[in-house]
Every structure is written in structure tokens, then in C-alpha cells.
Amino acid sequence: MAGLADITLIQAADLVASGEATSLDLLHACWANLDAVNPQVNAMIWQEREAAEAAARAADEAVKSKQKLGRLHGVPMAHKDMYYQAGKLSTCGSALRKDFRPTVTATVIERMAAAGAYTFGGLNMAEFAQNPTGHNKTFGDCHNPWNLPYITGGSSSGSGASVAARFNYMALGSDTGGSIRLPASACGVTGLKPTQTRVSRYGVMPLSFSHDNVGPLARTARDCARVLAVIAGHDPRDPTSAREPVPSYESFMDGDLTGLRIGVPTNYFLDGADEPVLAAMEAALLVLTGRGATVSRFDLPLMDAVAAYGGIVSRVEAAPIHAEWMRSNPQAYGAHISARMYPGYAIPAAYYVEALSRRGPVLRAFAAEVFAKVDVLVTPTIRTCLPTLAETDIDHGPPGTEHKFMAVSANTRPFNYLGLPAISVPCGFDPNGCPIGLQIAGRPFAEGRILKVAGAYQLDTRWHWARPPILDTVGAAA
Amino acid sequence: MGVFEALIETTIARWHGIKAPNKPAKRLAAELTDTITAFEALRGTMVFEDEPSSFEAALQATKEGA
């Protein structure tokens, strides 16, 4: 069925529920694009087609027999290859786990399955979720569907690329320093990092237990709202998950921004920003003010502390997780991960404890000053026009390449240390034809508010509907 | 190799049994001087706190409507 892979997650679920399309139709439409573009994009690293077709038929049978259907009923999906499903492959993007089959299933996978979704394979990712570009030594680099030599953003590279390339309605990513928002921005899709503790991490490969987050990448903010409502909420198997009630996030999305106060930081986030990125952000602000929001610009407090403290937490927490392999088999890692992880072994424990013990006070002081003035912050998700894979290739690039590589996540990392929810929505294209993302951040547990802003923006813009030309040039049918 | 870089590599090798896996790792380890500088700049901003500074409590205290 032509165009069936271009629709949103919610439209897909609605079509299946109404009987206007079958789950098998959706699956085959996604696979038509997958078969056509994945050889170039390399977003998907393993597939399970027979099981997926069986799941699709079961979903269709449930519709025919008028069973009670979940909110994601019959929607095929694939996720970043670090969400454990008992007995199924979960490579974590690494040669060290290329045959790993966990014995447990992630809570978020169970919750989405209970809502009617099923999976058809695993998506490419940065090794152990540790780079912001999409390089991968073992499974091959993931390529941007909009312009193949350019980065997809990482670490949820396949998640962003698969949704953009229309062979996936949504994908889970993980976000420790921007790994949901960066590929969302680079690939022209919508990506939500929830508040720290909002979503269970049970059965999810760990990187940094203080900064790791689980969240969706999808076509629209409304799709992200649907998924978040399914996966959020306390999980006894992850005692760190919040007991905060889970609202109907879609109910926030009425398009009305009357009285909304937007803050645009004048320090840090725009340092060295490229003109096309700034122009896209200013154009987006005009759209938001057109719906009733006001904009104020001011310096954010405490950014030196946020950068210094936030800069060491994930490096130190990743170090012991990988210490045994770093001793016994360091060459199994790409330089993109081992080079970044190595200094973490030398950071003093007192620095790490200082960074963690200051996290609460810094958040309190930051929130008291910033959220007295505004309801949300708006920044570019990535400050610069997108770099190429070659320009950010630490393995083969000249000295200094690592700085260009690290700069990709400069605007996303602060919200991980602060624990705030943030969403990236597509807001334009750079001169190379690569997408530009707009980041919207809010108070803790204000996912409803940032989804409302993102949803209002998408009512007046078409960036999120844009289709990578590669789908036309390869003659993809769906 | 400078004194600082040598000290870092020796420390990591002695404390963790891990050698620098590649040249970018050595360069990034040398840049730990930037981390020290950033922490130096924050000295004096720490205050003695009698209460445990729980991050989870701060999330609750700063949420909408709190």
C-alpha cells in the first residue's frame, strides 16, 4: 500500500484498529523502504522477519475478533539494539556483545508489547551508546538518510535514521548526553528525553546510571506523547524510577501557547553557532510567538558548574562498567569509545562525588532563577551545520578531530546533568541538505508542557513531514 | 610526553591495569588539565551542607506546581 510507511505512529495504530489497514500491510510497507535504503544507510543490523510476520498476523486476528486493543496495537517497531528481550540478540553495538542474548526483557519493551506493539529487529547504534555521531567499528557507520556522508548523530543512530528513512514508525533511543535528541535533530525526526527517573531502565544496557534516560524517536511530538504515556511510570524492578503520576500527554497538545514564556539563552548554547542554525531557530521562535508565546533572552546561571560537573559524571560511571574489557581486550573497542572512556579512570573520586553532591543544589538554584522568568528554554539542538562522518572520525582523523566530535553534543549534555526533560523537533535544513533541530527544555516532569510546545510548532510547520530524497532516488515503493 | 600526561598514564596503569588504547586516548587524557581548571574555577562556590543533597528531592522540589 503506497505511502503507508509515511504516516505517523498514531495514524498507523488507528488504521489497524479501524480495519482500514492490517498490521501486515504496515510491516511490508516498512520493509519495502528498509530493503531499498538500508544497504546505504545501515540503520538496521539484524532482523527477525518470520517472528514479526507472525506477530502481525496475531495482531490482525485480534482486530478481527474484536478484542480490546492497546494504544500501539499492531504497530511494528525496531529499537536501538540495547533494549533486552529475553533470548533475543542484543549487541549493544559492540563486537564484545555480538552474540549476547539476555535472559531478561526490558520493562519498556514489556509495556509496549502490552500496548500491542511488536519488534522486527535491532537498530545500529554507537558502541555501548558512547558517541554522538553514529560511527561504529563493528557493524559499520550509520549514514544520514538526507545526505549519506554526513553523521546521523548518536548514539541512537539507527533509531533516528530508521524513522527518517520510513522503515520504522518509532524507535526507542537512550540519552546520556544527547543520544536521543542528536539523531532526532540530524535525521529530521522528533526525539524526547524525559526527566531523569521518569522511565524505567530495567533491562536496558547501562552507560551512566546518573545520566541514562529512555525515550522515543518518532515522526511527531504527538507520537512521542503516545509512547511516553505507555512507557513512563514507576517500575519496582528499577527502584530509581519516579513514582510521579503519568498523565495523558496527548491531552496537553491543544496548540494554544497563549501566555507561554520562552527563554532563549544568550550564553553557552549559541557560542560558535552557525548562521543557518541561528536563522532556523529565529524562524521557529516566530512560529511559536504566532501562537501566543512571548520570548525573552538572558544569560543562564551556573553554566560553568553544569559543564564542569556534568562533563565528568558519565565518564567516571562508564569506566568501571568497561574496566574488565579495557584491560583484557581494549582493541575490541573503536577509538570513538575507548579514547573517551580512558581519561575517566584518572578522575579522582572526590571530583566525582563533588559533581554528584552538587547536582541537587545546582538544579535548585538553576530552576529558581530560570523558571521564575520562563516556562521553557529554546536552543538549537546542535549548534553547527552537521559535520560529515569523515570530519568526526577519531579513528582516522588528525589530532583535534576529537574536539569536533565532542562539540556535537555541547547543547544537549547540560540537560542530562540537570535532569530536565527536553525534546528536539525538526526546524529546517542546512546548506548541505541536512536537518536542523530545535531543542525545547522544561522543568522536571514538565513533559506535557514541552510536548505541547513541540506539538503546537508542528501544527504550523511541515519540517517533520519532509521525506529524504534517497527514498525517491532508489524508487522505494512505500 | 609531558610530566602530567606521564603521571596520568602511570596512575591509570597502576590503579586499574589499563593502558592507553590509542593516540586519541592519550590526547584526551592530557586534556584532563581542562577538567582541573574547570573545577578550580568553582572552588569557593561549595558550601557546607548539613542536609543530604538528594538530586531526586531536587527534581520534586523544582517541578511544576511544587
# chains A, B, ... in the order shown; residues from 1 in each chain; ligands from 1
>>> interface_residues(of="chain B", to="chain A", cutoff="6 Å", atoms="only C-alpha atoms", output="list in words")
Ile12, Ile18, Pro24, Ala25, Ala29, Ala38, Ser53, Ser54, Phe55, Ala58, Leu59 and Lys63 of chain B
>>> residues_around(residues="Ala30 in chain B", least_positions_apart="2", cutoff="9 Å", atoms="only C-alpha atoms", output="list in words")
Pro343 of chain A; Gly2, Phe4, Glu5, Ala6, Ile8, Ala25, Lys26, Arg27, Leu28, Leu32, Thr33 and Asp34 of chain B
>>> select_by_dssp(residues="range 303-425 of chain A", states="alpha helix (DSSP H)", output="count of residues only")
70
>>> atom_distance(atom1="CA of Thr384 in chain A", atom2="CA of Val214 in chain A")
25.5 Å
>>> select_by_dssp(residues="range 325-379 of chain A", states="strand (DSSP E)", output="number ranges by chain")
A: 376-379
>>> closest_residue(among="A:Thr105, A:Tyr169, A:Ile470, A:Thr289", to="Asp6 in chain A", atoms="only C-alpha atoms")
A:Tyr169
>>> residues_around(residues="Gln130 in chain A", least_positions_apart="5", cutoff="12 Å", atoms="only C-alpha atoms", output="PyMOL selection string")
chain A and resi 92-94+125+135-136+153-157+174-179+205-208+212+314-315+318-319+322+333-341+405-406+409
>>> atom_distance(atom1="CA of Asp472 in chain A", atom2="CA of Asn42 in chain A")
17.5 Å
>>> atom_distance(atom1="CA of Leu34 in chain A", atom2="CA of Val204 in chain A")
25.2 Å
>>> residues_around(residues="range 109-116 of chain A", least_positions_apart="4", cutoff="7 Å", atoms="only C-alpha atoms", output="count of residues only")
9
